[in-house]
Each structure stands twice: as structure tokens, then as C-alpha cells.
file start_13.tsv (TSV, C-alpha atoms)
chain	number	residue	atom	x	y	z
O	1	MET	CA	33.88	-9.81	-21.00
O	2	GLN	CA	33.34	-6.08	-20.48
O	3	PHE	CA	35.86	-4.36	-18.25
O	4	PRO	CA	33.35	-3.20	-15.54
O	5	SER	CA	31.88	-6.71	-15.33
O	6	PHE	CA	35.34	-8.28	-15.04
O	7	ILE	CA	36.44	-5.97	-12.20
O	8	ALA	CA	33.09	-6.31	-10.42
O	9	LYS	CA	33.40	-10.08	-10.52
O	10	ARG	CA	36.94	-9.94	-9.07
O	11	ILE	CA	35.76	-7.68	-6.28
O	12	ARG	CA	32.97	-10.12	-5.38
O	13	ASN	CA	35.32	-13.10	-5.46
O	14	ASN	CA	37.90	-11.39	-3.23
O	15	GLU	CA	35.38	-10.32	-0.57
O	16	ALA	CA	35.75	-13.46	1.56
O	17	GLY	CA	37.13	-12.67	5.00
O	18	SER	CA	37.01	-8.89	4.53
O	19	PHE	CA	34.86	-6.41	6.41
O	20	SER	CA	32.96	-5.60	3.20
O	21	ALA	CA	31.96	-9.28	2.98
O	22	THR	CA	30.15	-8.92	6.29
O	23	VAL	CA	28.32	-5.74	5.33
O	24	SER	CA	27.60	-7.24	1.91
O	25	GLY	CA	25.82	-10.10	3.64
O	26	ILE	CA	23.81	-7.58	5.63
O	27	GLY	CA	22.80	-5.85	2.39
O	28	VAL	CA	21.69	-9.12	0.81
O	29	ALA	CA	19.74	-9.98	3.95
O	30	SER	CA	17.97	-6.58	4.01
O	31	ILE	CA	16.86	-6.96	0.40
O	32	ALA	CA	15.79	-10.56	1.02
O	33	ILE	CA	13.75	-9.56	4.07
O	34	GLY	CA	12.14	-6.71	2.16
O	35	ILE	CA	11.09	-8.98	-0.72
O	36	THR	CA	9.88	-11.69	1.66
O	37	VAL	CA	7.81	-9.26	3.69
O	38	GLY	CA	6.44	-7.66	0.51
O	39	ILE	CA	5.29	-10.97	-0.99
O	40	ILE	CA	3.76	-12.20	2.28
O	41	SER	CA	2.06	-8.84	2.94
O	42	PHE	CA	0.38	-8.69	-0.45
O	43	ALA	CA	-0.56	-12.38	-0.38
O	44	VAL	CA	-2.20	-11.99	3.04
O	45	LEU	CA	-3.80	-8.63	2.22
O	46	LEU	CA	-5.33	-9.93	-1.01
O	47	GLY	CA	-6.38	-13.08	0.82
O	48	PHE	CA	-8.17	-11.07	3.49
O	49	LYS	CA	-9.95	-8.91	0.93
O	50	GLN	CA	-10.98	-11.84	-1.26
O	51	THR	CA	-12.18	-14.00	1.64
O	52	ILE	CA	-14.20	-11.24	3.31
O	53	ARG	CA	-15.72	-10.11	0.03
O	54	GLU	CA	-16.70	-13.70	-0.81
O	55	LYS	CA	-18.43	-14.05	2.57
O	56	ILE	CA	-20.26	-10.73	2.16
O	57	PHE	CA	-21.26	-11.42	-1.44
O	58	LEU	CA	-22.58	-14.81	-0.40
O	59	PHE	CA	-25.43	-13.13	1.50
O	60	SER	CA	-25.51	-9.68	-0.08
O	61	ALA	CA	-24.73	-8.93	-3.73
O	62	HIS	CA	-22.66	-6.06	-5.13
O	63	ILE	CA	-25.88	-4.11	-5.72
O	64	ASN	CA	-29.33	-4.70	-4.20
O	65	VAL	CA	-32.49	-3.28	-5.79
O	66	ALA	CA	-35.65	-3.50	-3.68
O	67	SER	CA	-38.92	-1.81	-2.83
O	68	PHE	CA	-38.58	-0.47	0.69
O	69	ALA	CA	-41.19	-1.47	3.28
O	70	THR	CA	-41.81	1.38	5.72
O	71	GLY	CA	-41.21	0.52	9.37
O	72	ASN	CA	-39.29	-2.74	8.88
O	73	THR	CA	-35.61	-2.61	8.03
O	74	TYR	CA	-35.41	-6.39	7.51
O	75	GLU	CA	-38.19	-6.75	4.97
O	76	GLU	CA	-39.00	-5.22	1.61
O	77	GLY	CA	-42.17	-4.60	-0.33
O	78	PRO	CA	-42.98	-6.62	-3.44
O	79	LEU	CA	-41.63	-5.70	-6.82
O	80	PRO	CA	-44.35	-6.60	-9.33
O	81	PRO	CA	-43.73	-8.83	-12.35
O	82	GLY	CA	-42.68	-7.11	-15.57
O	83	ASN	CA	-41.13	-4.16	-13.72
O	84	PRO	CA	-38.52	-2.00	-15.52
O	85	VAL	CA	-35.67	-3.41	-13.41
O	86	VAL	CA	-35.62	-6.70	-15.32
O	87	GLN	CA	-35.74	-4.84	-18.62
O	88	ALA	CA	-32.86	-2.53	-17.63
O	89	LEU	CA	-30.40	-5.13	-16.30
O	90	PRO	CA	-29.37	-6.72	-19.65
O	91	ARG	CA	-28.72	-3.29	-21.19
O	92	ILE	CA	-26.21	-2.14	-18.56
O	93	PRO	CA	-22.59	-3.24	-19.19
O	94	GLY	CA	-20.62	-4.66	-16.30
O	95	ILE	CA	-23.44	-6.79	-14.84
O	96	ARG	CA	-22.46	-10.47	-14.68
O	97	ARG	CA	-25.59	-12.06	-13.23
O	98	TRP	CA	-28.53	-11.43	-10.92
O	99	GLN	CA	-30.85	-13.44	-8.71
O	100	VAL	CA	-34.15	-12.82	-6.94
O	101	VAL	CA	-34.66	-13.12	-3.16
O	102	ALA	CA	-37.11	-12.00	-0.49
O	103	HIS	CA	-36.80	-11.52	3.27
O	104	LYS	CA	-39.18	-12.15	6.16
O	105	SER	CA	-38.67	-11.43	9.86
O	106	GLY	CA	-39.73	-14.10	12.31
O	107	ILE	CA	-39.09	-16.02	15.51
O	108	LEU	CA	-37.85	-19.59	15.74
O	109	LYS	CA	-39.35	-21.37	18.74
O	110	THR	CA	-38.36	-24.61	20.39
O	111	PRO	CA	-39.75	-26.02	23.67
O	112	GLU	CA	-36.86	-24.41	25.58
O	113	GLU	CA	-35.69	-21.39	23.54
O	114	ILE	CA	-36.76	-18.68	21.10
O	115	LYS	CA	-34.63	-16.76	18.60
O	116	GLY	CA	-35.35	-13.77	16.36
O	117	VAL	CA	-34.31	-14.47	12.77
O	118	VAL	CA	-34.59	-13.19	9.22
O	119	LEU	CA	-35.63	-15.74	6.64
O	120	LYS	CA	-33.96	-15.14	3.29
O	121	GLY	CA	-36.04	-16.76	0.60
O	122	VAL	CA	-34.02	-17.87	-2.41
O	123	GLY	CA	-34.63	-19.83	-5.57
O	124	LYS	CA	-32.80	-22.33	-7.75
O	125	ASP	CA	-30.79	-19.47	-9.28
O	126	TYR	CA	-29.04	-18.81	-5.96
O	127	ASP	CA	-25.25	-19.24	-5.96
O	128	TRP	CA	-25.33	-22.66	-4.34
O	129	PRO	CA	-21.78	-23.77	-5.32
O	130	THR	CA	-20.32	-20.82	-3.39
O	131	PHE	CA	-22.71	-21.26	-0.48
O	132	ALA	CA	-21.67	-24.92	-0.23
O	133	LYS	CA	-18.24	-23.78	1.04
O	134	THR	CA	-19.88	-22.57	4.28
O	135	MET	CA	-21.85	-25.77	4.99
O	136	VAL	CA	-20.73	-27.71	8.07
O	137	ASP	CA	-23.54	-30.25	8.26
O	138	GLY	CA	-26.55	-31.50	6.35
O	139	LYS	CA	-27.46	-30.73	2.76
O	140	MET	CA	-28.81	-28.02	0.51
O	141	LEU	CA	-32.51	-27.31	0.11
O	142	THR	CA	-34.46	-29.94	-1.80
O	143	TRP	CA	-35.89	-28.45	-4.97
O	144	LYS	CA	-38.88	-30.23	-6.40
O	145	ASP	CA	-41.63	-29.39	-8.81
O	146	SER	CA	-44.30	-27.38	-6.97
O	147	SER	CA	-46.98	-29.93	-7.93
O	148	PHE	CA	-45.32	-32.46	-5.59
O	149	LEU	CA	-45.22	-30.03	-2.64
O	150	ARG	CA	-48.16	-29.75	-0.32
O	151	TYR	CA	-48.03	-25.97	-0.08
O	152	GLY	CA	-46.23	-25.20	-3.34
O	153	TYR	CA	-42.92	-24.47	-1.59
O	154	SER	CA	-40.19	-26.31	0.28
O	155	SER	CA	-40.47	-26.35	4.08
O	156	GLU	CA	-36.73	-26.94	4.53
O	157	ILE	CA	-34.38	-24.27	5.88
O	158	ILE	CA	-30.65	-23.88	6.45
O	159	ILE	CA	-29.63	-22.24	9.73
O	160	SER	CA	-26.27	-21.05	11.03
O	161	GLU	CA	-24.18	-23.08	13.44
O	162	LYS	CA	-24.57	-20.30	16.01
O	163	ILE	CA	-28.39	-20.38	15.83
O	164	ALA	CA	-28.32	-24.18	15.98
O	165	ALA	CA	-26.26	-24.05	19.18
O	166	GLN	CA	-28.53	-21.45	20.79
O	167	LEU	CA	-31.71	-23.39	20.00
O	168	ARG	CA	-30.12	-26.84	20.46
O	169	LEU	CA	-31.09	-27.92	16.97
O	170	LYS	CA	-29.48	-30.33	14.54
O	171	THR	CA	-30.12	-31.40	10.98
O	172	GLY	CA	-33.39	-33.23	10.56
O	173	ASP	CA	-35.09	-31.49	13.49
O	174	ASP	CA	-38.36	-29.62	13.12
O	175	VAL	CA	-38.83	-26.08	14.39
O	176	ILE	CA	-41.73	-23.64	14.46
O	177	MET	CA	-41.27	-20.22	12.87
O	178	TYR	CA	-43.68	-17.40	13.76
O	179	SER	CA	-43.66	-14.62	11.17
O	180	LEU	CA	-43.83	-11.06	12.50
O	181	GLN	CA	-47.21	-10.01	11.20
O	182	ASN	CA	-50.73	-9.63	12.50
O	183	PRO	CA	-51.92	-12.23	13.12
O	184	PRO	CA	-48.71	-14.32	13.44
O	185	ARG	CA	-48.58	-17.22	11.01
O	186	PRO	CA	-46.67	-20.23	12.40
O	187	ARG	CA	-44.95	-22.60	10.02
O	188	LYS	CA	-43.38	-25.95	10.82
O	189	LEU	CA	-39.98	-26.08	9.12
O	190	THR	CA	-37.30	-28.77	8.86
O	191	ILE	CA	-33.58	-28.16	9.37
O	192	ALA	CA	-31.96	-29.37	6.13
O	193	GLY	CA	-28.45	-28.07	6.81
O	194	ILE	CA	-26.22	-25.92	8.99
O	195	TYR	CA	-23.78	-23.30	7.71
O	196	ASN	CA	-21.01	-21.25	9.31
O	197	SER	CA	-19.87	-18.10	7.51
O	198	GLN	CA	-17.79	-16.92	10.53
O	199	MET	CA	-19.36	-13.47	10.12
O	200	GLU	CA	-21.61	-12.48	13.03
O	201	GLU	CA	-23.53	-10.04	10.83
O	202	PHE	CA	-25.10	-13.09	9.15
O	203	ASP	CA	-24.67	-15.98	11.57
O	204	ASN	CA	-26.55	-14.21	14.36
O	205	HIS	CA	-29.89	-14.02	12.58
O	206	LEU	CA	-29.94	-15.19	8.94
O	207	ILE	CA	-31.56	-18.43	7.81
O	208	ILE	CA	-31.99	-19.63	4.22
O	209	GLY	CA	-35.26	-20.98	2.84
O	210	ASP	CA	-37.49	-21.19	-0.21
O	211	ILE	CA	-38.60	-17.87	-1.71
O	212	GLY	CA	-42.02	-19.49	-2.21
O	213	LEU	CA	-42.41	-19.63	1.58
O	214	VAL	CA	-41.82	-15.88	1.88
O	215	GLN	CA	-44.23	-15.20	-0.96
O	216	ARG	CA	-46.88	-17.29	0.79
O	217	LEU	CA	-46.35	-15.61	4.17
O	218	ASN	CA	-46.55	-12.14	2.60
O	219	GLY	CA	-49.53	-12.97	0.42
O	220	TRP	CA	-47.60	-12.18	-2.76
O	221	GLY	CA	-48.11	-13.65	-6.17
O	222	LYS	CA	-45.71	-16.22	-7.55
O	223	ASP	CA	-44.04	-13.61	-9.76
O	224	SER	CA	-43.53	-10.98	-7.04
O	225	ILE	CA	-40.10	-10.80	-5.45
O	226	GLY	CA	-38.44	-8.70	-2.77
O	227	THR	CA	-34.92	-7.89	-3.96
O	228	TYR	CA	-32.80	-8.19	-7.08
O	229	GLU	CA	-29.26	-9.18	-6.05
O	230	ILE	CA	-26.94	-8.01	-8.82
O	231	TYR	CA	-23.36	-9.17	-9.29
O	232	LEU	CA	-20.79	-7.30	-11.36
O	233	THR	CA	-17.99	-8.46	-13.60
O	234	ASP	CA	-15.55	-6.03	-11.99
O	235	PHE	CA	-16.12	-4.86	-8.41
O	236	ASP	CA	-14.00	-1.74	-9.06
O	237	GLN	CA	-16.77	-0.53	-11.42
O	238	LEU	CA	-19.35	-0.59	-8.61
O	239	ASP	CA	-19.96	3.17	-8.54
O	240	ASN	CA	-20.24	3.49	-12.33
O	241	VAL	CA	-22.68	0.61	-12.73
O	242	ALA	CA	-24.73	1.74	-9.73
O	243	ALA	CA	-25.05	5.26	-11.18
O	244	ARG	CA	-26.29	3.94	-14.53
O	245	LEU	CA	-28.67	1.48	-12.90
O	246	ARG	CA	-30.09	4.12	-10.55
O	247	ARG	CA	-31.21	6.22	-13.52
O	248	ALA	CA	-33.15	3.24	-14.90
O	249	LEU	CA	-35.02	2.38	-11.69
O	250	PRO	CA	-38.79	2.85	-11.53
O	251	THR	CA	-40.54	4.92	-8.88
O	252	GLY	CA	-40.67	3.12	-5.54
O	253	ALA	CA	-37.53	1.04	-6.08
O	254	TYR	CA	-34.27	1.96	-4.41
O	255	LEU	CA	-30.68	0.86	-4.87
O	256	GLN	CA	-28.12	-0.03	-2.21
O	257	LYS	CA	-24.45	-0.73	-2.81
O	258	VAL	CA	-22.75	-3.34	-0.67
O	259	THR	CA	-20.27	-0.69	0.50
O	260	SER	CA	-23.21	1.23	1.99
O	261	LEU	CA	-24.67	-1.83	3.68
O	262	PHE	CA	-21.38	-2.79	5.38
O	263	PRO	CA	-19.35	0.44	5.62
O	264	GLN	CA	-17.34	-0.66	8.67
O	265	ILE	CA	-16.00	-3.76	6.93
O	266	PHE	CA	-15.00	-1.95	3.75
O	267	ASP	CA	-13.43	0.89	5.76
O	268	TRP	CA	-11.42	-1.76	7.59
O	269	LEU	CA	-10.22	-3.22	4.28
O	270	LEU	CA	-9.21	0.27	3.11
O	271	LEU	CA	-7.28	0.75	6.35
O	272	LEU	CA	-5.46	-2.53	5.70
O	273	ASP	CA	-4.39	-1.20	2.28
O	274	ARG	CA	-2.96	1.95	3.83
O	275	ASN	CA	-1.19	0.14	6.65
O	276	THR	CA	0.39	-2.31	4.21
O	277	ALA	CA	1.61	0.53	1.97
O	278	ILE	CA	3.16	2.37	4.93
O	279	PHE	CA	4.77	-0.79	6.28
O	280	LEU	CA	6.32	-1.75	2.94
O	281	THR	CA	7.56	1.81	2.39
O	282	LEU	CA	9.41	1.69	5.72
O	283	ILE	CA	10.92	-1.70	4.90
O	284	LEU	CA	12.09	-0.48	1.49
O	285	PHE	CA	13.52	2.71	3.00
O	286	VAL	CA	15.58	0.74	5.53
O	287	ALA	CA	16.80	-1.64	2.82
O	288	CYS	CA	17.86	1.24	0.53
O	289	PHE	CA	19.61	3.03	3.40
O	290	ASN	CA	21.53	-0.16	4.14
O	291	MET	CA	22.54	-0.51	0.49
O	292	ILE	CA	23.89	3.05	0.40
O	293	SER	CA	25.93	2.48	3.57
O	294	ILE	CA	27.25	-0.86	2.33
O	295	LEU	CA	28.35	0.48	-1.04
O	296	LEU	CA	30.09	3.42	0.66
O	297	VAL	CA	32.01	0.96	2.85
O	298	MET	CA	33.02	-1.07	-0.20
O	299	ILE	CA	34.16	2.07	-2.04
O	300	MET	CA	36.24	3.28	0.93
O	301	GLU	CA	37.79	-0.17	1.38
O	302	ARG	CA	38.88	-0.19	-2.26
O	303	THR	CA	40.10	3.37	-2.54
O	304	PRO	CA	43.59	2.23	-3.69
O	305	LEU	CA	41.98	0.18	-6.46
O	306	ILE	CA	40.02	3.22	-7.57
O	307	GLY	CA	43.22	5.27	-7.66
O	308	LEU	CA	45.00	2.58	-9.68
O	309	LEU	CA	42.14	2.39	-12.21
O	310	LYS	CA	42.16	6.17	-12.60
O	311	THR	CA	45.93	6.13	-13.08
O	312	LEU	CA	45.51	3.56	-15.84
O	313	GLY	CA	43.04	5.86	-17.58
O	314	SER	CA	39.66	4.52	-16.52
O	315	PRO	CA	37.03	7.30	-16.56
O	316	ASN	CA	34.86	7.99	-13.52
O	317	GLY	CA	31.76	6.62	-15.25
O	318	GLN	CA	33.42	3.28	-15.89
O	319	ILE	CA	34.58	2.94	-12.27
O	320	ARG	CA	31.15	3.93	-10.99
O	321	LEU	CA	29.65	1.23	-13.19
O	322	VAL	CA	31.94	-1.33	-11.52
O	323	PHE	CA	30.55	-0.63	-8.06
O	324	LEU	CA	27.02	-0.25	-9.37
O	325	ARG	CA	27.25	-3.78	-10.72
O	326	VAL	CA	28.55	-5.01	-7.38
O	327	GLY	CA	25.56	-3.42	-5.68
O	328	LEU	CA	23.08	-4.80	-8.21
O	329	TYR	CA	24.58	-8.26	-7.70
O	330	MET	CA	23.72	-8.01	-4.01
O	331	VAL	CA	20.21	-6.85	-4.92
O	332	ARG	CA	19.77	-9.78	-7.31
O	333	LYS	CA	21.02	-12.29	-4.74
O	334	GLY	CA	18.73	-10.83	-2.09
O	335	MET	CA	15.75	-10.93	-4.45
O	336	ILE	CA	16.32	-14.62	-5.25
O	337	ILE	CA	16.51	-15.50	-1.57
O	338	GLY	CA	13.54	-13.26	-0.72
O	339	ASN	CA	11.31	-14.70	-3.44
O	340	LEU	CA	12.12	-18.27	-2.46
O	341	ALA	CA	11.50	-17.56	1.23
O	342	GLY	CA	8.31	-15.53	0.68
O	343	LEU	CA	6.71	-17.94	-1.79
O	344	SER	CA	7.68	-20.96	0.33
O	345	LEU	CA	6.08	-19.49	3.47
O	346	CYS	CA	2.95	-18.56	1.51
O	347	TRP	CA	2.77	-22.08	0.05
O	348	LEU	CA	3.05	-23.65	3.49
O	349	GLN	CA	0.31	-21.41	4.89
O	350	TYR	CA	-1.93	-21.99	1.85
O	351	HIS	CA	-1.75	-25.79	2.07
O	352	PHE	CA	-1.32	-26.43	5.83
O	353	SER	CA	-2.94	-23.34	7.51
O	354	LEU	CA	-0.09	-23.02	10.01
O	355	VAL	CA	-1.18	-19.60	11.36
O	356	PRO	CA	-4.69	-19.62	12.91
O	357	LEU	CA	-6.96	-16.62	13.52
O	358	ASP	CA	-9.83	-15.84	15.86
O	359	PRO	CA	-12.99	-15.94	13.69
O	360	VAL	CA	-14.76	-13.53	16.05
O	361	ASN	CA	-12.33	-10.74	15.23
O	362	TYR	CA	-11.14	-11.64	11.72
O	363	TYR	CA	-14.15	-13.45	10.16
O	364	MET	CA	-11.96	-16.44	9.29
O	365	SER	CA	-10.18	-19.22	11.17
O	366	THR	CA	-6.81	-19.09	9.39
O	367	VAL	CA	-4.64	-16.55	7.58
O	368	PRO	CA	-5.75	-16.55	3.92
O	369	ILE	CA	-3.28	-16.53	1.04
O	370	VAL	CA	-3.81	-15.42	-2.55
O	371	PHE	CA	-1.08	-15.91	-5.18
O	372	ASP	CA	-1.33	-12.82	-7.37
O	373	TRP	CA	1.66	-13.17	-9.70
O	374	PRO	CA	1.39	-9.72	-11.34
O	375	ILE	CA	1.60	-8.16	-7.87
O	376	PHE	CA	4.62	-10.29	-6.96
O	377	ILE	CA	6.35	-9.29	-10.21
O	378	MET	CA	5.55	-5.64	-9.48
O	379	VAL	CA	7.22	-5.95	-6.04
O	380	ASN	CA	10.40	-7.26	-7.68
O	381	VAL	CA	10.42	-4.66	-10.47
O	382	ILE	CA	9.91	-1.76	-8.05
O	383	THR	CA	12.69	-3.11	-5.82
O	384	VAL	CA	15.13	-3.29	-8.76
O	385	LEU	CA	14.27	0.19	-10.03
O	386	ILE	CA	14.46	1.90	-6.65
O	387	SER	CA	17.61	0.02	-5.62
O	388	GLY	CA	19.30	0.84	-8.93
O	389	CYS	CA	18.56	4.54	-8.54
O	390	ILE	CA	19.62	4.56	-4.89
O	391	LEU	CA	22.91	2.77	-5.64
O	392	LEU	CA	23.91	5.58	-7.99
O	393	ILE	CA	24.13	8.02	-5.07
O	394	PRO	CA	27.20	6.62	-3.23
O	395	THR	CA	29.11	6.13	-6.52
O	396	PHE	CA	29.34	9.92	-6.92
O	397	ILE	CA	32.06	9.90	-4.24
O	398	ILE	CA	34.32	8.19	-6.81
O	399	THR	CA	34.49	11.40	-8.84
O	400	ARG	CA	36.05	13.20	-5.82
O	401	ILE	CA	38.82	10.63	-5.28
O	402	GLN	CA	42.24	11.83	-6.53
O	403	PRO	CA	44.55	9.13	-7.93
O	404	VAL	CA	47.68	10.21	-6.00
O	405	LYS	CA	45.91	10.33	-2.61
O	406	ALA	CA	44.07	7.12	-3.39
O	407	LEU	CA	47.31	5.21	-4.07
O	408	LEU	CA	48.70	6.38	-0.73
O	409	PHE	CA	45.45	5.56	1.10
O	410	LYS	CA	45.77	2.98	3.89
O	411	LYS	CA	42.83	1.09	5.25
call {"tool": "encode", "arguments": {"input": "start_13.tsv", "output": "C-alpha cells"}}
result
Amino acid sequence: MQFPSFIAKRIRNNEAGSFSATVSGIGVASIAIGITVGIISFAVLLGFKQTIREKIFLFSAHINVASFATGNTYEEGPLPPGNPVVQALPRIPGIRRWQVVAHKSGILKTPEEIKGVVLKGVGKDYDWPTFAKTMVDGKMLTWKDSSFLRYGYSSEIIISEKIAAQLRLKTGDDVIMYSLQNPPRPRKLTIAGIYNSQMEEFDNHLIIGDIGLVQRLNGWGKDSIGTYEIYLTDFDQLDNVAARLRRALPTGAYLQKVTSLFPQIFDWLLLLDRNTAIFLTLILFVACFNMISILLVMIMERTPLIGLLKTLGSPNGQIRLVFLRVGLYMVRKGMIIGNLAGLSLCWLQYHFSLVPLDPVNYYMSTVPIVFDWPIFIMVNVITVLISGCILLIPTFIITRIQPVKALLFKK
């Protein structure tokens, strides 16, 4: 066994009952708390970002390409068949998939209540598996061959739980929708299902129906659509893909990024990133300050030992390495405890949802957790590197200790 490792091990074994044992426990606890807080913070932060993005992308893609209809912010003009958008999409790298939709403003009317809504017409290519996660009652739209439908489109719709409560509707009920046009064109629709995204931006007014219904109400052809919803392989490449796609758009079509449609939400997510970084920096600073203080206490308590080692010919570097190993042992012990505590708490929250949230303020009913192992490893690596560098600072005092004075030193 190497000499520094042997001495460091003896120091650790002889700590019991001493004052340095108490401060050593404090050092281990500070590192453990820092690791625990770091793991939980990143797991919750990534969970928030992933959950909110999934909810937004459920109703609005990464990039939307439409033909703007003057005077109505909820509707779009028709994009004709064979337009250059379809030809450009496969040639642009970074695009994962796209789907076609169309929107129509209207009013849902029951014998007692009325409610302004926006009908989002979708097709079979809609991301139904993801949308199914928001369903609280009923079923998805029934897709049949148009030859079996009276009007060539499905008359079923899916409404939000909030709209259902306001209009006192349930699955299977019929409701009249009046489209906002002159003259109004009423349509009798059937409630197929009820969803709850927990995001008021959608739940307050958005209903899902057949794109054929919107085409019929607008007097469009079967091949005309309102919006191309485009999804990317990597969301971080949003600006690059949007810039390339914008250059390929025909006259009359415009492009909107999801960050422009919902700037408040994405600004909030950016603020969460900054707050988490500041919070973790403060935690790490306190932990490092504690480690410096603790190692100084251990060095002062063992000043006679340092003098004896110097008298026996040990160089300063070797003695400094002894106490550095003692400090790194505390860091390692704290990291083990911190990782076990942090991952255990995250696991409990992930499986049992112990901490609830107010959906009105947070867009979700429970604290979300995402296990991102590369991030967790990065937290541990950064802790080791910073702690190792910080622990070198107090060991410099060893070079100033004189053997004669150290042997006469009394605690």
C-alpha cells in the first residue's frame, strides 16, 4: 500500500470521538445534500420542460406553415394542392414528420349555454398515440371510408373537460356548432371523447374534429388544407430548420415557430434554467467552503503528526497528498449517500406522485421526473473535479508548518 494511502486510512480510522470526526460528518452531509439537490433539481427541471413541450406540441407543432387569412387570427386560408411546401419538406434535413390540419372558428350551442370555440380539423395522420394520454373519457374519432359517411366526413368531435363542464355535455351527447361566417352554417356534432391537457391556452377553446368538416364549411376542395404542422428530429435545431424552410416557402405562405406562438411559456422555461443554475451554484459554493474549513480543522488537529512526518523525511507534497485523500474520501462518501438519496426520492415521485401541483399554475397535476443519466453523471463528475481542486487550497498550509514547532504543538 502506498504511504499516503496508508496514513490517510489510519487518520480516518482514528477519527472516532474526536472533534474532526464531527466536522467530517458535516462535510459528508454537505456533499450529500449538494448531490441530492442537484439530481432532484435536474430531474424536475427536465421533467417540467419535457411535459410542457409535449403538451404544446400536441396541439401546435415545432413549426407551422399556413396561408394567413386577413381579419381572423384563428383561421387560415387554403393552401392549394401541389404547393411547393410539400416538395420542400423532404429535402430539408432535421424534419422528422409533418401532418395537415385546418382551423375553423365557431360557437357551440346547447339549450342552456353557448361557448366560442376553435375547431381543429385533423386527419388520420394526426399523432393520436400522444393525444390519447390526455383523454379522460370516451374514445378517439371514428375514421371510416368517406363512401360510408353521409357528408363525406365524420361528425364526431373531441372537446376539453373544461368546455364539457361549461356546456354540461358528456360523451355521446349531440351539440350544434355555428361556424362564424355569413350566413352561419350550423352543424350537428356528436361528442366522441373528452380530453384534459391541463393547459388553459388549449382547454378554454380548442376542440378536435375531422379536417373534412372544416373543408366542407370553408368550401375548400378535398386536397386543400390550412396548416402544415412540422415536427423536428432535434428541437434545438429549430432556428436552423426554420431559416432553411422559410427560404423555400411560396408567396402567400408564412412560417411560425412554436417559440413565437407561446413566448411566455418558453421564457418561463428559460427562467427555470437560470434559477436552477444559480441555485446549484450556491449549493456547491457552500459545500466547497465547508470542505475547506473541515480540512483546515483536520490539519490543525494533526499538526504534531505533520511535524513527525517531516522529521522522518516526508516531503510536503507527500503529506499534502495524505490530507487530500482524506478529503476526497469524504467527498466520495457524500456522493454515494447523495446519489442514493436523490435517485430514491426521484423514483418515489416518479412511481407514486407524492408531490402534487396546481394544474392552473403549473400545467400539470404532479411534479414530473425525468431520469437523464448523462446529466446525473455530469453532476457527479463536476462535483469531484471542483471538490478536488478546492481541497488543494487548505493543504498549502502544510508547507508553512515547521517540524520543531509542530512537535511541540498542543491541541
call {"tool": "residues_around", "arguments": {"input": "start_13.tsv", "residues": "Ser5 (chain O)", "least_positions_apart": "3", "cutoff": "10 Å", "atoms": "only C-alpha atoms", "output": "ChimeraX atom specification"}}
result
/O:1-2,8-11,321-323,325-326
call {"tool": "closest_residue", "arguments": {"input": "start_13.tsv", "among": "O:Ile191, O:Val85, O:Ile225, O:Val65", "to": "His103 (chain O)", "atoms": "only C-alpha atoms"}}
result
O:Ile225
call {"tool": "closest_atom_pairs", "arguments": {"input": "start_13.tsv", "of": "region 92-143 of chain O", "to": "region 238-245 of chain O", "cutoff": "8 Å", "atoms": "all atoms listed in the file", "output": "tab-separated table"}}
result
residue	atom	partner	partner_atom	distance
O:Ile92	CA	O:Leu245	CA	7.2
O:Pro93	CA	O:Val241	CA	7.5
O:Gly94	CA	O:Val241	CA	6.7
O:Ile95	CA	O:Val241	CA	7.7
call {"tool": "residues_around", "arguments": {"input": "start_13.tsv", "residues": "Tyr195 (chain O)", "least_positions_apart": "6", "cutoff": "12 Å", "atoms": "all atoms listed in the file", "output": "PyMOL selection string"}}
result
chain O and resi 55+58+130-140+157-165+170-171+202-204+206-208
call {"tool": "closest_residue", "arguments": {"input": "start_13.tsv", "among": "O:Lys333, O:His351, O:Arg274, O:Arg187", "to": "Gly27 (chain O)", "atoms": "only C-alpha atoms"}}
result
O:Lys333
call {"tool": "closest_residue", "arguments": {"input": "start_13.tsv", "among": "O:Leu284, O:Leu295, O:Leu357, O:Val381", "to": "Ser30 (chain O)", "atoms": "only C-alpha atoms"}}
result
O:Leu284
call {"tool": "closest_residue", "arguments": {"input": "start_13.tsv", "among": "O:Val297, O:Val370, O:Ile397, O:Met291", "to": "Ile26 (chain O)", "atoms": "all atoms listed in the file"}}
result
O:Met291
call {"tool": "atom_distance", "arguments": {"input": "start_13.tsv", "atom1": "CA of Asn218 (chain O)", "atom2": "CA of His205 (chain O)"}}
result
19.5 Å
call {"tool": "closest_residue", "arguments": {"input": "start_13.tsv", "among": "O:Gly106, O:Pro186, O:Pro84, O:Gly388", "to": "Met330 (chain O)", "atoms": "all atoms listed in the file"}}
result
O:Gly388
call {"tool": "closest_residue", "arguments": {"input": "start_13.tsv", "among": "O:Phe371, O:Phe3, O:Tyr363, O:Tyr329", "to": "Trp347 (chain O)", "atoms": "only C-alpha atoms"}}
result
O:Phe371
call {"tool": "residues_around", "arguments": {"input": "start_13.tsv", "residues": "Ser387 (chain O)", "least_positions_apart": "4", "cutoff": "10 Å", "atoms": "only C-alpha atoms", "output": "PDB file with C-alpha atoms, in the frame of the given file"}}
result
ATOM      1  CA  ILE O  31      16.860  -6.960   0.400  1.00  0.00           C
ATOM      2  CA  LEU O 284      12.090  -0.480   1.490  1.00  0.00           C
ATOM      3  CA  PHE O 285      13.520   2.710   3.000  1.00  0.00           C
ATOM      4  CA  ALA O 287      16.800  -1.640   2.820  1.00  0.00           C
ATOM      5  CA  CYS O 288      17.860   1.240   0.530  1.00  0.00           C
ATOM      6  CA  PHE O 289      19.610   3.030   3.400  1.00  0.00           C
ATOM      7  CA  MET O 291      22.540  -0.510   0.490  1.00  0.00           C
ATOM      8  CA  ILE O 292      23.890   3.050   0.400  1.00  0.00           C
ATOM      9  CA  GLY O 327      25.560  -3.420  -5.680  1.00  0.00           C
ATOM     10  CA  LEU O 328      23.080  -4.800  -8.210  1.00  0.00           C
ATOM     11  CA  VAL O 331      20.210  -6.850  -4.920  1.00  0.00           C
ATOM     12  CA  VAL O 381      10.420  -4.660 -10.470  1.00  0.00           C
ATOM     13  CA  ILE O 382       9.910  -1.760  -8.050  1.00  0.00           C
ATOM     14  CA  THR O 383      12.690  -3.110  -5.820  1.00  0.00           C
ATOM     15  CA  LEU O 391      22.910   2.770  -5.640  1.00  0.00           C
ATOM     16  CA  LEU O 392      23.910   5.580  -7.990  1.00  0.00           C
TER      17      LEU O 392
END
call {"tool": "atom_distance", "arguments": {"input": "start_13.tsv", "atom1": "CA of Trp220 (chain O)", "atom2": "CA of Lys104 (chain O)"}}
result
12.3 Å
call {"tool": "residues_around", "arguments": {"input": "start_13.tsv", "residues": "Asp127 (chain O)", "least_positions_apart": "4", "cutoff": "12 Å", "atoms": "all atoms listed in the file", "output": "ChimeraX atom specification"}}
result
/O:54,57-61,97-101,122-123,131-133,140,229-231
call {"tool": "residues_around", "arguments": {"input": "start_13.tsv", "residues": "Ile114 (chain O)", "least_positions_apart": "2", "cutoff": "12 Å", "atoms": "all atoms listed in the file", "output": "MDAnalysis selection string"}}
result
chainID O and resid 106:112 116:117 163:169 175:178 205
call {"tool": "atom_distance", "arguments": {"input": "start_13.tsv", "atom1": "CA of Gly25 (chain O)", "atom2": "CA of Leu305 (chain O)"}}
result
21.7 Å
